[in-house]
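Q: What follows is a structure written as C-alpha cells; I'll ask about it next.
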Amino acid sequence: MPKILSVETEIPPVKITQKEAAEFAKKLFSKNFKDIGRLLSVFENGEIDSRYFVKDIDWFSEEHTFQEKNDEFIHHAVELGSKVVKKSLSRHQLTLEDIDAIITISTSGIATPSLEREL
C-alpha cells in the first residue's frame, strides 16, 4: 500500500514581519487604491507574525517581466526543493531510486515542466 514516508520543508532566507509586509503593501499599492488603509486590515487580522521570501523585499518594488519573475520562482523552488529532497533522503537513509513520487504545492509561480520533474 502506498504511503507518505516523509514531509519536509525548507524556509526561504529572507524574513519580514507582518508589519513590514503591511507597510510595503501600503507603499506599493496606495497609488492604485485610495482607501488602502481599509484593505490593510487583512495584515492585522491574519494571525501571521512573519513571512519568508527568497528575495529582499525591495526586489518586489522593482519592475520585472512575468518571465523574469517566473524564472526566479523556478530557480529558487528547485533550489529549495533539492535541499528538501536531500534532507528527506538523509533522514530515512534512502537513495534517489527509493523515491516513487514528489509532491509540491505552490501558489508563487508556474512551472512547465513541473517542479517535481525539475527536481
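Naming works like this for the C-alpha cells: A, B, ... for the chains as they're shown, residue 1 at the start of each chain, ligands 1 onward in shown order.
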Need to verify the contact set: Glu44 of chain A, 10 Å, only C-alpha atoms, exclusion of same-chain residues closer than 5 positions in sequence. Can you return it as a list in words?
A: Gln18, Lys19, Ala22 and Asp49 of chain A
Q: Which residues are close to Thr95 of chain A, i.e. within 12 Å by only C-alpha atoms, leaving aside same-chain residues fewer than 6 positions away? Reply as a ChimeraX atom specification.
A: /A:85-89
Q: Could you save those same residues with C-alpha atoms as a PDB file, in the first residue's frame?
A:
```pdb
ATOM      1  CA  VAL A  85      14.803  16.013  -1.071  1.00  0.00           C
ATOM      2  CA  LYS A  86      18.358  15.642   0.278  1.00  0.00           C
ATOM      3  CA  LYS A  87      17.110  16.213   3.835  1.00  0.00           C
ATOM      4  CA  SER A  88      14.440  13.547   3.446  1.00  0.00           C
ATOM      5  CA  LEU A  89      16.800  11.003   1.894  1.00  0.00           C
TER       6      LEU A  89
END
```
Q: Show me, as a list in words, the residues that have an atom within 8 Å of Ser50 of chain A when counting only C-alpha atoms, minus same-chain residues fewer than 5 positions from it.
A: Lys15, Ile16, Thr17 and Gln18 of chain A
Q: Got a sec to tell me which of chain A DSSP assigns to strand (DSSP E), as a list in words?
A: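 Of chain A, only Val14, Lys15, Ile16, Thr17, Ser50, Arg51, Tyr52 and Phe53 of chain A fall in strand (DSSP E).
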Q: Kindly export the residues of the current selection with N, CA and C atoms, as an mmCIF file, in the first residue's frame.
A:
```
data_model
loop_
_atom_site.group_PDB
_atom_site.id
_atom_site.type_symbol
_atom_site.label_atom_id
_atom_site.label_comp_id
_atom_site.auth_asym_id
_atom_site.auth_seq_id
_atom_site.Cartn_x
_atom_site.Cartn_y
_atom_site.Cartn_z
ATOM 1 N N VAL A 14 14.880 35.087 3.460
ATOM 2 C CA VAL A 14 14.535 36.461 3.823
ATOM 3 C C VAL A 14 13.249 36.467 4.648
ATOM 4 N N LYS A 15 13.349 36.958 5.876
ATOM 5 C CA LYS A 15 12.193 37.008 6.773
ATOM 6 C C LYS A 15 11.785 38.463 6.978
ATOM 7 N N ILE A 16 10.481 38.732 6.825
ATOM 8 C CA ILE A 16 9.967 40.061 7.144
ATOM 9 C C ILE A 16 8.789 39.906 8.094
ATOM 10 N N THR A 17 8.603 40.902 8.920
ATOM 11 C CA THR A 17 7.487 40.850 9.860
ATOM 12 C C THR A 17 6.192 41.208 9.127
ATOM 13 N N SER A 50 5.124 36.594 10.656
ATOM 14 C CA SER A 50 6.184 36.909 9.699
ATOM 15 C C SER A 50 5.969 36.118 8.408
ATOM 16 N N ARG A 51 6.689 36.554 7.385
ATOM 17 C CA ARG A 51 6.624 35.908 6.074
ATOM 18 C C ARG A 51 8.050 35.706 5.579
ATOM 19 N N TYR A 52 8.211 34.727 4.704
ATOM 20 C CA TYR A 52 9.543 34.404 4.185
ATOM 21 C C TYR A 52 9.566 34.523 2.665
ATOM 22 N N PHE A 53 10.680 35.043 2.166
ATOM 23 C CA PHE A 53 10.871 35.251 0.737
ATOM 24 C C PHE A 53 12.269 34.804 0.335
#
```
Q: Could you pull out the residues in segment 18-109 of chain A that DSSP calls helix (DSSP H, G or I) from the backbone, as a PyMOL selection string?
A: chain A and resi 18-29+36-39+41-45+57-61+66-92+96-98
Q: Quick check, in Å to one decimal: how far apart do atom CA of Thr65 of chain A and atom CA of Asn32 of chain A lie?
A: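 Pair atom CA of Thr65 of chain A / atom CA of Asn32 of chain A returns 19.4 Å.
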Q: With only C-alpha atoms as the atoms that count, which of A:Val84, A:Ile74, A:Leu28, A:Ala21 lies nearest to Asp56 of chain A?
A: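 Looking only at the distances to Asp56 of chain A, the closest residue turns out to be A:Ala21.
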Q: Counting only C-alpha atoms, which residue out of A:Asp100, A:Glu116, A:Asp35, A:Glu20 sits closest to Gly81 of chain A?
A: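 Closest candidate: A:Glu116.
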Q: Report as number ranges by chain all protein, DNA and RNA residues lying within 9 Å of segment 103-106 of chain A, evaluated on only C-alpha atoms, omitting residues in the same chain fewer than 2 positions from it.
A: A: 77, 81, 101, 108-110, 115-116
Q: Those same residues - C-alpha atoms - I'd like them written as a tab-separated table (two decimals), in the first residue's frame.
A:
```tsv
chain	number	residue	atom	x	y	z
A	77	ALA	CA	11.78	26.48	-5.98
A	81	GLY	CA	13.20	21.62	-3.26
A	101	ALA	CA	6.79	10.47	-6.20
A	108	SER	CA	4.01	31.53	-6.30
A	109	GLY	CA	4.58	30.68	-9.95
A	110	ILE	CA	4.06	28.38	-12.89
A	115	LEU	CA	8.71	21.36	-10.30
A	116	GLU	CA	8.56	17.65	-9.50
```
Q: Please measure the separation of atom CA of Ala111 of chain A and atom CA of Asn70 of chain A, giving the value in Å to one decimal.
A: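 That distance, rounded to one decimal, is 8.0 Å.
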Q: Figure out the distance between atom CA of Met1 of chain A and atom CA of Leu119 of chain A, please, to one decimal in Å.
A: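 Computing it gives 24.4 Å between the two atoms.
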Q: Counting only C-alpha atoms, which residue out of A:Ser61, A:Lys55, A:Phe43, A:Phe73 sits closest to Thr107 of chain A?
A: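 The shortest atom-to-atom distance to Thr107 of chain A comes from A:Phe73.
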